[in-house]
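Here's target11.cif, which has mmCIF, C-alpha atoms (C1' of nucleotides):
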```
data_final
loop_
_atom_site.label_atom_id
_atom_site.label_comp_id
_atom_site.auth_asym_id
_atom_site.auth_seq_id
_atom_site.Cartn_x
_atom_site.Cartn_y
_atom_site.Cartn_z
CA MET D 1 -11.09 -0.60 14.61
CA ALA D 2 -12.90 -3.91 14.53
CA ASN D 3 -14.93 -2.53 11.66
CA LYS D 4 -11.73 -1.48 9.92
CA ILE D 5 -10.59 -5.07 9.97
CA ALA D 6 -14.02 -6.01 8.69
CA ASP D 7 -13.64 -3.47 5.89
CA LEU D 8 -10.33 -5.00 4.97
CA ASN D 9 -11.74 -8.50 4.96
CA ARG D 10 -14.59 -7.36 2.79
CA TYR D 11 -12.10 -5.91 0.31
CA ILE D 12 -10.06 -9.10 0.44
CA ALA D 13 -13.14 -11.22 -0.26
CA LYS D 14 -14.21 -9.00 -3.13
CA LYS D 15 -10.81 -9.36 -4.76
CA GLY D 16 -10.70 -13.12 -4.31
CA LEU D 17 -7.74 -12.85 -1.95
CA LYS D 18 -7.21 -14.60 1.34
CA VAL D 19 -7.47 -13.62 4.97
CA THR D 20 -4.23 -14.67 6.61
CA ARG D 21 -2.98 -14.35 10.15
CA GLN D 22 -0.17 -12.13 8.88
CA ARG D 23 -2.53 -9.68 7.21
CA GLU D 24 -4.74 -9.57 10.26
CA ALA D 25 -1.77 -9.00 12.58
CA VAL D 26 -0.35 -6.18 10.49
CA ALA D 27 -3.74 -4.54 10.03
CA GLU D 28 -4.52 -4.79 13.72
CA VAL D 29 -1.34 -3.06 14.78
CA PHE D 30 -1.66 -0.51 12.00
CA PHE D 31 -5.22 0.45 12.94
CA ALA D 32 -4.23 0.77 16.58
CA GLU D 33 -1.78 3.54 15.64
CA LYS D 34 -2.80 7.16 16.21
CA GLY D 35 -0.55 8.91 13.74
CA HIS D 36 1.75 7.83 10.95
CA ILE D 37 4.10 4.93 10.93
CA SER D 38 6.81 3.72 8.59
CA ALA D 39 6.93 0.20 7.23
CA GLU D 40 9.99 -0.52 9.33
CA GLU D 41 8.39 0.76 12.54
CA LEU D 42 5.23 -1.17 11.88
CA TYR D 43 7.30 -4.27 11.21
CA MET D 44 9.00 -3.93 14.59
CA LYS D 45 5.76 -3.37 16.45
CA VAL D 46 4.13 -6.32 14.76
CA ALA D 47 7.13 -8.47 15.57
CA LYS D 48 6.49 -8.01 19.30
CA SER D 49 3.09 -9.63 19.25
CA HIS D 50 3.50 -11.79 16.16
CA PRO D 51 7.13 -12.73 15.66
CA GLY D 52 8.18 -14.23 12.38
CA ILE D 53 6.23 -11.95 10.10
CA GLY D 54 8.52 -10.57 7.43
CA LEU D 55 9.14 -6.97 6.49
CA THR D 56 8.12 -7.88 2.96
CA THR D 57 4.70 -8.91 4.18
CA VAL D 58 4.34 -5.65 6.04
CA TYR D 59 5.07 -3.75 2.85
CA ARG D 60 2.63 -5.88 0.91
CA THR D 61 -0.08 -5.44 3.51
CA LEU D 62 0.40 -1.69 3.58
CA LYS D 63 0.02 -1.64 -0.18
CA LEU D 64 -3.13 -3.69 0.13
CA LEU D 65 -4.53 -1.37 2.78
CA THR D 66 -3.78 1.56 0.52
CA GLU D 67 -5.57 -0.05 -2.41
CA ALA D 68 -8.50 -0.77 -0.14
CA GLY D 69 -8.64 2.92 0.73
CA LEU D 70 -7.88 2.22 4.39
CA ALA D 71 -4.37 3.64 4.47
CA LYS D 72 -2.56 6.45 2.76
CA GLU D 73 1.09 6.80 1.97
CA ARG D 74 2.77 10.11 2.71
CA ARG D 75 6.24 11.53 2.56
CA PHE D 76 7.35 14.37 4.75
CA GLY D 77 10.24 15.57 2.65
CA GLU D 78 12.22 12.41 3.20
CA PRO D 79 12.78 9.41 0.98
CA GLN D 80 11.18 7.13 3.52
CA GLY D 81 7.43 6.84 3.18
CA VAL D 82 5.06 6.71 6.13
CA TYR D 83 1.52 5.46 6.28
CA GLU D 84 -1.51 6.79 8.07
CA LYS D 85 -5.07 5.66 8.40
CA GLU D 86 -7.36 7.00 5.75
CA ASP D 87 -10.21 8.24 7.86
CA GLU D 88 -13.72 8.69 6.67
CA ASP D 89 -13.88 12.04 8.39
CA ARG D 90 -12.29 15.29 7.30
CA HIS D 91 -8.92 15.49 5.77
CA HIS D 92 -6.24 16.82 8.10
CA ASP D 93 -2.94 18.60 7.65
CA HIS D 94 0.34 18.64 9.54
CA LEU D 95 2.47 20.88 11.68
CA ILE D 96 6.01 19.56 11.82
CA CYS D 97 8.67 20.65 14.28
CA THR D 98 11.98 20.82 12.47
CA ARG D 99 13.93 20.50 15.70
CA CYS D 100 12.32 17.61 17.59
CA GLY D 101 10.36 16.02 14.75
CA LYS D 102 7.02 16.25 16.50
CA ILE D 103 4.06 16.10 14.14
CA VAL D 104 0.71 17.61 15.06
CA GLU D 105 -2.38 17.06 12.96
CA PHE D 106 -4.88 19.83 12.44
CA LYS D 107 -7.93 20.71 10.37
CA GLU D 108 -8.80 24.07 9.01
CA PRO D 109 -11.92 24.19 6.86
CA SER D 110 -11.46 27.84 6.00
CA ILE D 111 -8.10 27.13 4.44
CA GLU D 112 -9.65 24.35 2.43
CA GLU D 113 -12.27 26.68 1.06
CA MET D 114 -9.57 29.04 -0.09
CA GLN D 115 -7.72 26.19 -1.72
CA GLU D 116 -10.80 25.33 -3.77
CA ASP D 117 -11.00 28.94 -4.72
CA VAL D 118 -7.46 29.21 -5.90
CA ALA D 119 -7.71 25.98 -7.83
CA ARG D 120 -10.85 27.15 -9.56
CA ARG D 121 -9.01 30.23 -10.76
CA TYR D 122 -6.45 28.00 -12.44
CA GLY D 123 -9.09 25.73 -13.94
CA PHE D 124 -8.39 22.85 -11.58
CA VAL D 125 -10.84 20.55 -9.87
CA VAL D 126 -9.28 19.61 -6.54
CA THR D 127 -9.58 16.03 -5.39
CA ASP D 128 -7.02 16.02 -2.62
CA HIS D 129 -4.44 18.20 -0.97
CA LYS D 130 -1.50 18.22 1.34
CA MET D 131 -0.40 21.02 3.56
CA GLU D 132 2.59 20.88 5.82
CA LEU D 133 3.72 23.71 8.05
CA TYR D 134 7.31 23.48 9.23
CA GLY D 135 8.64 25.33 12.21
CA LEU D 136 9.36 25.07 15.90
CA CYS D 137 6.93 23.74 18.45
CA ARG D 138 6.42 25.53 21.73
CA THR D 139 8.94 23.43 23.59
CA CYS D 140 11.65 23.87 20.99
CA SER D 141 11.10 27.56 20.37
CA THR D 142 11.34 28.45 24.05
CA ALA D 143 14.19 26.10 24.90
CA MET N 1 20.57 34.29 -13.92
CA ALA N 2 24.04 35.72 -14.36
CA ASN N 3 23.73 37.10 -10.85
CA LYS N 4 22.68 33.67 -9.61
CA ILE N 5 25.93 32.28 -10.89
CA ALA N 6 27.64 35.19 -9.21
CA ASP N 7 25.85 34.35 -5.96
CA LEU N 8 27.05 30.80 -6.24
CA ASN N 9 30.62 31.87 -6.89
CA ARG N 10 30.48 34.18 -3.92
CA TYR N 11 29.34 31.29 -1.74
CA ILE N 12 32.07 29.09 -3.18
CA ALA N 13 34.71 31.70 -2.43
CA LYS N 14 33.46 32.23 1.10
CA LYS N 15 33.72 28.51 1.79
CA GLY N 16 37.19 28.21 0.32
CA LEU N 17 35.92 25.95 -2.46
CA LYS N 18 36.70 26.10 -6.15
CA VAL N 19 34.90 27.33 -9.22
CA THR N 20 35.03 24.51 -11.75
CA ARG N 21 33.66 24.22 -15.25
CA GLN N 22 31.42 21.37 -14.05
CA ARG N 23 29.86 23.44 -11.32
CA GLU N 24 29.30 26.32 -13.68
CA ALA N 25 27.76 24.08 -16.31
CA VAL N 26 25.35 22.42 -13.88
CA ALA N 27 24.39 25.71 -12.27
CA GLU N 28 23.84 27.37 -15.64
CA VAL N 29 21.45 24.69 -16.84
CA PHE N 30 19.74 24.55 -13.46
CA PHE N 31 19.12 28.28 -13.30
CA ALA N 32 17.77 28.26 -16.84
CA GLU N 33 14.98 25.90 -15.73
CA LYS N 34 11.55 27.34 -15.05
CA GLY N 35 10.12 24.72 -12.72
CA HIS N 36 11.52 21.71 -10.92
CA ILE N 37 13.96 19.18 -12.20
CA SER N 38 15.30 15.90 -10.92
CA ALA N 39 18.99 15.14 -10.65
CA GLU N 40 18.69 12.65 -13.48
CA GLU N 41 16.91 15.09 -15.78
CA LEU N 42 19.40 17.81 -15.01
CA TYR N 43 22.23 15.39 -15.67
CA MET N 44 20.81 14.60 -19.10
CA LYS N 45 20.28 18.23 -20.01
CA VAL N 46 23.78 19.13 -18.88
CA ALA N 47 25.19 16.26 -20.89
CA LYS N 48 23.90 17.82 -24.11
CA SER N 49 25.98 20.95 -23.79
CA HIS N 50 28.75 19.62 -21.56
CA PRO N 51 29.25 15.91 -22.12
CA GLY N 52 31.36 13.98 -19.68
CA ILE N 53 30.02 15.51 -16.49
CA GLY N 54 29.04 12.74 -14.10
CA LEU N 55 25.73 12.22 -12.39
CA THR N 56 27.60 12.27 -9.11
CA THR N 57 28.79 15.77 -9.81
CA VAL N 58 25.27 16.87 -10.59
CA TYR N 59 24.13 15.54 -7.22
CA ARG N 60 27.02 17.22 -5.48
CA THR N 61 26.35 20.51 -7.20
CA LEU N 62 22.67 20.38 -6.34
CA LYS N 63 23.61 19.82 -2.73
CA LEU N 64 25.97 22.78 -2.90
CA LEU N 65 23.27 24.97 -4.44
CA THR N 66 20.92 23.93 -1.67
CA GLU N 67 23.46 24.80 1.01
CA ALA N 68 24.00 28.12 -0.68
CA GLY N 69 20.28 28.77 -0.46
CA LEU N 70 19.93 28.89 -4.23
CA ALA N 71 18.03 25.64 -4.68
CA LYS N 72 15.51 23.71 -2.68
CA GLU N 73 14.81 20.03 -2.64
CA ARG N 74 11.21 18.89 -2.80
CA ARG N 75 9.36 15.63 -3.03
CA PHE N 76 5.93 15.34 -4.57
CA GLY N 77 4.86 12.09 -2.95
CA GLU N 78 7.49 10.09 -4.76
CA PRO N 79 10.81 8.73 -3.61
CA GLN N 80 12.64 10.70 -6.25
CA GLY N 81 13.54 14.21 -5.17
CA VAL N 82 13.28 17.23 -7.43
CA TYR N 83 14.99 20.57 -7.14
CA GLU N 84 13.72 24.05 -7.79
CA LYS N 85 15.24 27.48 -7.63
CA GLU N 86 14.95 29.14 -4.28
CA ASP N 87 13.68 32.52 -5.26
CA GLU N 88 14.17 35.60 -3.24
CA ASP N 89 10.55 36.50 -3.73
CA ARG N 90 7.52 34.94 -2.07
CA HIS N 91 7.16 31.29 -1.46
CA HIS N 92 4.87 29.51 -3.90
CA ASP N 93 2.73 26.40 -3.79
CA HIS N 94 1.70 23.81 -6.32
CA LEU N 95 -1.33 22.58 -8.20
CA ILE N 96 -0.72 19.10 -9.53
CA CYS N 97 -2.80 17.35 -12.16
CA THR N 98 -3.11 13.70 -11.20
CA ARG N 99 -3.92 12.70 -14.77
CA CYS N 100 -1.33 14.45 -16.94
CA GLY N 101 1.20 15.38 -14.27
CA LYS N 102 1.15 19.08 -15.04
CA ILE N 103 2.38 21.22 -12.18
CA VAL N 104 1.29 24.84 -11.83
CA GLU N 105 2.84 27.16 -9.30
CA PHE N 106 0.76 29.71 -7.47
CA LYS N 107 0.94 32.14 -4.60
CA GLU N 108 -1.80 32.95 -2.17
CA PRO N 109 -0.86 35.35 0.61
CA SER N 110 -4.21 35.05 2.32
CA ILE N 111 -3.73 31.32 2.77
CA GLU N 112 -0.32 31.96 4.23
CA GLU N 113 -1.78 34.32 6.78
CA MET N 114 -4.22 31.65 7.84
CA GLN N 115 -1.44 29.15 8.15
CA GLU N 116 0.41 31.44 10.55
CA ASP N 117 -2.79 31.75 12.48
CA VAL N 118 -3.35 28.05 12.81
CA ALA N 119 0.25 27.44 13.78
CA ARG N 120 0.08 30.07 16.47
CA ARG N 121 -2.90 28.32 17.98
CA TYR N 122 -0.80 25.17 18.31
CA GLY N 123 2.18 27.05 19.73
CA PHE N 124 4.24 26.73 16.58
CA VAL N 125 6.47 29.30 14.93
CA VAL N 126 6.31 28.62 11.21
CA THR N 127 9.51 28.85 9.21
CA ASP N 128 8.39 27.15 6.03
CA HIS N 129 5.45 25.39 4.47
CA LYS N 130 4.35 23.22 1.64
CA MET N 131 0.97 23.07 0.08
CA GLU N 132 0.04 20.85 -2.78
CA LEU N 133 -3.39 20.68 -4.34
CA TYR N 134 -4.08 17.56 -6.35
CA GLY N 135 -6.78 17.31 -8.94
CA LEU N 136 -7.54 17.61 -12.63
CA CYS N 137 -6.45 20.49 -14.78
CA ARG N 138 -8.87 22.07 -17.23
CA THR N 139 -7.73 19.94 -20.13
CA CYS N 140 -7.99 16.70 -18.21
CA SER N 141 -11.28 17.44 -16.49
CA THR N 142 -13.06 18.31 -19.71
CA ALA N 143 -11.55 15.56 -21.84
"C1'" DT C 1 -6.93 -29.18 -4.97
"C1'" DT C 2 -5.18 -24.96 -6.31
"C1'" DA C 3 -4.56 -20.21 -6.53
"C1'" DT C 4 -2.87 -17.13 -3.27
"C1'" DC C 5 0.49 -15.98 0.37
"C1'" DT C 6 4.75 -16.11 2.76
"C1'" DG C 7 9.72 -15.35 3.81
"C1'" DC C 8 14.04 -15.16 2.06
"C1'" DA C 9 17.38 -13.39 -0.86
"C1'" DA C 10 18.30 -10.93 -4.68
"C1'" DA C 11 17.13 -7.07 -7.47
"C1'" DC C 12 15.72 -2.37 -7.87
"C1'" DC C 13 15.86 2.71 -7.80
"C1'" DC C 14 17.75 6.83 -6.11
"C1'" DT C 15 21.47 8.84 -3.71
"C1'" DT C 16 25.89 8.94 -1.28
"C1'" DT C 17 30.65 7.60 -0.47
"C1'" DG C 18 35.61 5.83 -1.13
"C1'" DC C 19 39.35 6.34 -3.83
"C1'" DA C 20 42.87 7.42 -7.25
"C1'" DT C 21 43.43 11.07 -10.44
"C1'" DT C 22 42.85 15.72 -12.03
"C1'" DT C 23 42.61 20.57 -11.34
"C1'" DA C 24 41.81 25.39 -9.47
"C1'" DA C 25 44.08 28.52 -6.71
"C1'" DT Z 1 52.22 23.11 -4.30
"C1'" DT Z 2 48.22 21.39 -2.34
"C1'" DA Z 3 43.59 21.17 -0.81
"C1'" DA Z 4 39.54 20.51 -3.21
"C1'" DA Z 5 36.86 18.40 -7.19
"C1'" DT Z 6 36.02 14.86 -10.42
"C1'" DG Z 7 34.35 10.31 -12.26
"C1'" DC Z 8 34.00 5.83 -11.59
"C1'" DA Z 9 32.51 1.96 -9.19
"C1'" DA Z 10 30.90 0.28 -5.15
"C1'" DA Z 11 27.99 0.81 -1.13
"C1'" DG Z 12 23.88 2.59 1.04
"C1'" DG Z 13 19.01 3.21 2.22
"C1'" DG Z 14 14.22 2.04 1.29
"C1'" DT Z 15 11.19 -0.74 -1.43
"C1'" DT Z 16 9.91 -4.35 -4.72
"C1'" DT Z 17 10.17 -8.84 -6.94
"C1'" DG Z 18 11.27 -13.93 -8.08
"C1'" DC Z 19 10.78 -18.10 -6.31
"C1'" DA Z 20 9.97 -22.50 -3.74
"C1'" DG Z 21 7.45 -23.94 -0.02
"C1'" DA Z 22 3.30 -23.10 2.99
"C1'" DT Z 23 -1.57 -22.22 3.46
"C1'" DA Z 24 -6.56 -20.48 3.04
"C1'" DA Z 25 -10.50 -21.51 0.50
#
```

What's the structure tokens form of this structure?
Amino acid sequence: MANKIADLNRYIAKKGLKVTRQREAVAEVFFAEKGHISAEELYMKVAKSHPGIGLTTVYRTLKLLTEAGLAKERRFGEPQGVYEKEDEDRHHDHLICTRCGKIVEFKEPSIEEMQEDVARRYGFVVTDHKMELYGLCRTCSTA
Amino acid sequence: MANKIADLNRYIAKKGLKVTRQREAVAEVFFAEKGHISAEELYMKVAKSHPGIGLTTVYRTLKLLTEAGLAKERRFGEPQGVYEKEDEDRHHDHLICTRCGKIVEFKEPSIEEMQEDVARRYGFVVTDHKMELYGLCRTCSTA
DNA sequence: TTATCTGCAAACCCTTTGCATTTAA
DNA sequence: TTAAATGCAAAGGGTTTGCAGATAA
């Protein structure tokens, strides 16, 4: 996490931008998140520890993090975007409960191999993918 | 296609709604589409053959088609939604070229089996899924 | 010093809603 | 006749942008 902030600052320096307390505050809270978070949610969390930071700045910082390759914007079928950390390690996919909204992340290398396979058949070179499985989680399907 | 319109009219009748020339026009153009189309694009296509139909009506008809199970709303990482026909036959997924924007639909039953498998391991019952593979199509990767 | 950053408000895009009028049944 | 549908304009979310003042370098 500390190194994530360092990565960000390195990117900022390279671009001739500035390290500000707002950017550090937003990045800190963002990197402390486990899953995905919307701009609005992040804004509210940041406000607790660093009041006075505007929603606009949160949006701008998320965009910066995305450009720096440290965050990724996603959309789970809704107009509102959410952001998640762009990890160095393997790509993950999502299981989404349509009743309670719970989102579980998972990885499945064998599926990814098949994806490459399919893409090859259509002449595509895959650079990224998204897979979302919708359904009911254990709690909701037995309730 | 004619039977799709019939399906829609059946749904309309069941709900005590009305068959209007606007609804028929929008549905006709929508069902004639091969892939996905945004509300705006559909509105413009409909305008060519049936001028005077409002964008609002297009949105309302798309919502109706979705309720009737004849259309499905999707979002490919952008705020703007697109609609596609909800076919009776197998679910399909998408290959998306990040350079030229081309979208190819494909089906891969073996991947779907694996998805069920993964979900089961997490206690989920899958009702739907989305899979999008991003990359370069043949034309773009060799250009 | 000075180019970047901030917060606010206003603008923006996409979609939905309120309302008076029209229309299918 | 009458409940539903239409088109317009206005409102609604979520996100971006213009700008004057604040701030890191």

Practice problem: Run the PyMOL selection byres ((chain Z and resi 24) around 9) against the file shown and list the residues it catches, as a VMD selection string. | Solution: (chain D and resid 18 to 20) or (chain C and resid 4 to 5) or (chain Z and resid 23 25)

Quiz prompt | Contact set, chain C to chain D: 10 Å, only C-alpha atoms (C1' of nucleotides), as a PyMOL selection string | solution = chain C and resi 3-8+14-15

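Residues matched by the PyMOL selection byres ((chain N and resi 101) around 12) in this file: N:Phe76, N:His94, N:Leu95, N:Ile96, N:Cys97, N:Thr98, N:Arg99, N:Cys100, N:Lys102, N:Ile103, N:Val104, N:Tyr134, N:Gly135, N:Leu136, N:Cys137, N:Thr139, N:Cys140.
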
Applying the PyMOL selection byres ((chain N) within 12 of (chain D)) to the file I just gave you, which residues come out? Please list them as a compact mmCIF listing (two decimals) with C-alpha atoms, in the frame of the given file.
```
# COMPACT_ATOMS: atom_id res chain seq x y z
CA LYS N 72 15.51 23.71 -2.68
CA GLU N 73 14.81 20.03 -2.64
CA ARG N 74 11.21 18.89 -2.80
CA ARG N 75 9.36 15.63 -3.03
CA PHE N 76 5.93 15.34 -4.57
CA GLY N 77 4.86 12.09 -2.95
CA GLU N 78 7.49 10.09 -4.76
CA PRO N 79 10.81 8.73 -3.61
CA GLN N 80 12.64 10.70 -6.25
CA GLY N 81 13.54 14.21 -5.17
CA VAL N 82 13.28 17.23 -7.43
CA TYR N 83 14.99 20.57 -7.14
CA ASP N 93 2.73 26.40 -3.79
CA HIS N 94 1.70 23.81 -6.32
CA LEU N 95 -1.33 22.58 -8.20
CA ILE N 96 -0.72 19.10 -9.53
CA CYS N 97 -2.80 17.35 -12.16
CA THR N 98 -3.11 13.70 -11.20
CA ARG N 99 -3.92 12.70 -14.77
CA LYS N 102 1.15 19.08 -15.04
CA ILE N 103 2.38 21.22 -12.18
CA VAL N 104 1.29 24.84 -11.83
CA GLU N 105 2.84 27.16 -9.30
CA PHE N 106 0.76 29.71 -7.47
CA LYS N 107 0.94 32.14 -4.60
CA GLU N 108 -1.80 32.95 -2.17
CA PRO N 109 -0.86 35.35 0.61
CA SER N 110 -4.21 35.05 2.32
CA ILE N 111 -3.73 31.32 2.77
CA GLU N 112 -0.32 31.96 4.23
CA GLU N 113 -1.78 34.32 6.78
CA MET N 114 -4.22 31.65 7.84
CA GLN N 115 -1.44 29.15 8.15
CA GLU N 116 0.41 31.44 10.55
CA ASP N 117 -2.79 31.75 12.48
CA VAL N 118 -3.35 28.05 12.81
CA ALA N 119 0.25 27.44 13.78
CA ARG N 120 0.08 30.07 16.47
CA ARG N 121 -2.90 28.32 17.98
CA TYR N 122 -0.80 25.17 18.31
CA GLY N 123 2.18 27.05 19.73
CA PHE N 124 4.24 26.73 16.58
CA VAL N 125 6.47 29.30 14.93
CA VAL N 126 6.31 28.62 11.21
CA THR N 127 9.51 28.85 9.21
CA ASP N 128 8.39 27.15 6.03
CA HIS N 129 5.45 25.39 4.47
CA LYS N 130 4.35 23.22 1.64
CA MET N 131 0.97 23.07 0.08
CA GLU N 132 0.04 20.85 -2.78
CA LEU N 133 -3.39 20.68 -4.34
CA TYR N 134 -4.08 17.56 -6.35
CA GLY N 135 -6.78 17.31 -8.94
CA LEU N 136 -7.54 17.61 -12.63
CA CYS N 137 -6.45 20.49 -14.78
CA ARG N 138 -8.87 22.07 -17.23
CA THR N 139 -7.73 19.94 -20.13
CA CYS N 140 -7.99 16.70 -18.21
CA SER N 141 -11.28 17.44 -16.49
CA THR N 142 -13.06 18.31 -19.71
```

Practice problem: Enter the distance from atom C1' of Z:DA11 to atom CA of N:Ser38, in Å, rounded to one decimal. | Solution: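 Atom C1' of Z:DA11 sits 22.0 Å away from atom CA of N:Ser38.
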
Self-check item: Atom pair atom CA of D:Lys63 / atom CA of D:Ala39: separation (Å)
Solution: 10.3 Å

All in-order C-alpha pairs, least squares, chain D moved onto chain N. Output the fitted coordinates as a tab-separated table (two decimals) with C-alpha atoms, keeping the file's coordinate frame, please.
```tsv
chain	number	residue	atom	x	y	z
D	1	MET	CA	20.67	34.38	-13.74
D	2	ALA	CA	24.14	35.80	-14.16
D	3	ASN	CA	23.84	37.12	-10.64
D	4	LYS	CA	22.76	33.68	-9.46
D	5	ILE	CA	26.01	32.27	-10.76
D	6	ALA	CA	27.76	35.15	-9.04
D	7	ASP	CA	25.96	34.27	-5.81
D	8	LEU	CA	27.13	30.71	-6.14
D	9	ASN	CA	30.70	31.75	-6.77
D	10	ARG	CA	30.59	34.02	-3.78
D	11	TYR	CA	29.42	31.11	-1.63
D	12	ILE	CA	32.12	28.90	-3.11
D	13	ALA	CA	34.80	31.48	-2.33
D	14	LYS	CA	33.55	31.95	1.20
D	15	LYS	CA	33.76	28.22	1.84
D	16	GLY	CA	37.23	27.90	0.36
D	17	LEU	CA	35.93	25.70	-2.45
D	18	LYS	CA	36.71	25.90	-6.13
D	19	VAL	CA	34.93	27.20	-9.18
D	20	THR	CA	35.02	24.42	-11.75
D	21	ARG	CA	33.65	24.18	-15.25
D	22	GLN	CA	31.40	21.35	-14.09
D	23	ARG	CA	29.83	23.39	-11.32
D	24	GLU	CA	29.33	26.33	-13.62
D	25	ALA	CA	27.75	24.14	-16.31
D	26	VAL	CA	25.34	22.48	-13.91
D	27	ALA	CA	24.41	25.76	-12.24
D	28	GLU	CA	23.87	27.46	-15.58
D	29	VAL	CA	21.46	24.84	-16.82
D	30	PHE	CA	19.75	24.64	-13.44
D	31	PHE	CA	19.16	28.39	-13.24
D	32	ALA	CA	17.80	28.43	-16.77
D	33	GLU	CA	15.00	26.07	-15.69
D	34	LYS	CA	11.56	27.53	-14.98
D	35	GLY	CA	10.14	24.87	-12.71
D	36	HIS	CA	11.50	21.83	-10.94
D	37	ILE	CA	13.91	19.31	-12.26
D	38	SER	CA	15.22	15.98	-11.04
D	39	ALA	CA	18.90	15.20	-10.77
D	40	GLU	CA	18.59	12.74	-13.63
D	41	GLU	CA	16.83	15.24	-15.91
D	42	LEU	CA	19.33	17.93	-15.10
D	43	TYR	CA	22.14	15.49	-15.81
D	44	MET	CA	20.72	14.77	-19.26
D	45	LYS	CA	20.23	18.43	-20.09
D	46	VAL	CA	23.72	19.28	-18.96
D	47	ALA	CA	25.11	16.42	-21.00
D	48	LYS	CA	23.86	18.06	-24.21
D	49	SER	CA	25.95	21.17	-23.83
D	50	HIS	CA	28.71	19.77	-21.64
D	51	PRO	CA	29.17	16.07	-22.26
D	52	GLY	CA	31.24	14.06	-19.86
D	53	ILE	CA	29.93	15.54	-16.65
D	54	GLY	CA	28.90	12.76	-14.31
D	55	LEU	CA	25.59	12.24	-12.58
D	56	THR	CA	27.49	12.21	-9.30
D	57	THR	CA	28.71	15.72	-9.94
D	58	VAL	CA	25.19	16.85	-10.69
D	59	TYR	CA	24.04	15.48	-7.35
D	60	ARG	CA	26.94	17.12	-5.57
D	61	THR	CA	26.30	20.45	-7.25
D	62	LEU	CA	22.62	20.34	-6.39
D	63	LYS	CA	23.56	19.72	-2.78
D	64	LEU	CA	25.94	22.64	-2.91
D	65	LEU	CA	23.29	24.89	-4.42
D	66	THR	CA	20.92	23.84	-1.67
D	67	GLU	CA	23.46	24.64	1.03
D	68	ALA	CA	24.05	27.99	-0.62
D	69	GLY	CA	20.33	28.68	-0.37
D	70	LEU	CA	19.98	28.85	-4.16
D	71	ALA	CA	18.05	25.63	-4.65
D	72	LYS	CA	15.50	23.69	-2.69
D	73	GLU	CA	14.79	20.01	-2.69
D	74	ARG	CA	11.18	18.89	-2.85
D	75	ARG	CA	9.31	15.64	-3.12
D	76	PHE	CA	5.89	15.41	-4.63
D	77	GLY	CA	4.80	12.18	-3.00
D	78	GLU	CA	7.38	10.14	-4.84
D	79	PRO	CA	10.71	8.75	-3.73
D	80	GLN	CA	12.52	10.76	-6.37
D	81	GLY	CA	13.46	14.24	-5.27
D	82	VAL	CA	13.23	17.28	-7.51
D	83	TYR	CA	14.95	20.61	-7.18
D	84	GLU	CA	13.71	24.11	-7.79
D	85	LYS	CA	15.26	27.52	-7.59
D	86	GLU	CA	14.99	29.14	-4.22
D	87	ASP	CA	13.73	32.54	-5.19
D	88	GLU	CA	14.14	35.64	-3.15
D	89	ASP	CA	10.54	36.55	-3.79
D	90	ARG	CA	7.45	35.03	-2.24
D	91	HIS	CA	7.11	31.40	-1.53
D	92	HIS	CA	4.84	29.56	-3.95
D	93	ASP	CA	2.74	26.43	-3.80
D	94	HIS	CA	1.72	23.78	-6.30
D	95	LEU	CA	-1.28	22.50	-8.17
D	96	ILE	CA	-0.61	19.02	-9.48
D	97	CYS	CA	-2.67	17.21	-12.08
D	98	THR	CA	-2.90	13.57	-11.11
D	99	ARG	CA	-3.70	12.52	-14.66
D	100	CYS	CA	-1.14	14.30	-16.85
D	101	GLY	CA	1.38	15.29	-14.19
D	102	LYS	CA	1.25	18.98	-14.99
D	103	ILE	CA	2.44	21.19	-12.15
D	104	VAL	CA	1.29	24.79	-11.82
D	105	GLU	CA	2.82	27.15	-9.30
D	106	PHE	CA	0.69	29.67	-7.48
D	107	LYS	CA	0.83	32.13	-4.60
D	108	GLU	CA	-1.91	32.91	-2.20
D	109	PRO	CA	-1.01	35.35	0.55
D	110	SER	CA	-4.37	35.01	2.26
D	111	ILE	CA	-3.83	31.31	2.75
D	112	GLU	CA	-0.43	32.02	4.21
D	113	GLU	CA	-1.92	34.38	6.74
D	114	MET	CA	-4.31	31.70	7.84
D	115	GLN	CA	-1.48	29.24	8.15
D	116	GLU	CA	0.33	31.58	10.53
D	117	ASP	CA	-2.86	31.84	12.46
D	118	VAL	CA	-3.38	28.16	12.83
D	119	ALA	CA	0.22	27.60	13.79
D	120	ARG	CA	0.02	30.26	16.45
D	121	ARG	CA	-2.92	28.46	18.00
D	122	TYR	CA	-0.77	25.36	18.36
D	123	GLY	CA	2.18	27.29	19.74
D	124	PHE	CA	4.25	26.99	16.58
D	125	VAL	CA	6.41	29.58	14.91
D	126	VAL	CA	6.25	28.88	11.18
D	127	THR	CA	9.44	29.15	9.18
D	128	ASP	CA	8.36	27.42	6.01
D	129	HIS	CA	5.47	25.57	4.48
D	130	LYS	CA	4.42	23.35	1.66
D	131	MET	CA	1.03	23.13	0.11
D	132	GLU	CA	0.14	20.84	-2.73
D	133	LEU	CA	-3.29	20.60	-4.28
D	134	TYR	CA	-3.92	17.44	-6.27
D	135	GLY	CA	-6.63	17.11	-8.85
D	136	LEU	CA	-7.40	17.37	-12.53
D	137	CYS	CA	-6.38	20.25	-14.72
D	138	ARG	CA	-8.82	21.77	-17.16
D	139	THR	CA	-7.66	19.65	-20.06
D	140	CYS	CA	-7.86	16.40	-18.13
D	141	SER	CA	-11.16	17.10	-16.41
D	142	THR	CA	-12.95	17.91	-19.65
D	143	ALA	CA	-11.35	15.19	-21.75
```

Quiz item: Can you tell me, as a PyMOL selection string, what residues are no more than 12 Å from N:Val26 when counting all atoms listed in the file, ignoring any on the same chain fewer than 3 positions away?
Solution: chain N and resi 5+8+19-23+29-33+37+39-65

Quiz item: When you draw a straight line from atom CA of D:Ala13 to atom CA of D:Leu70, how long is it in Å?
Solution: 15.2 Å
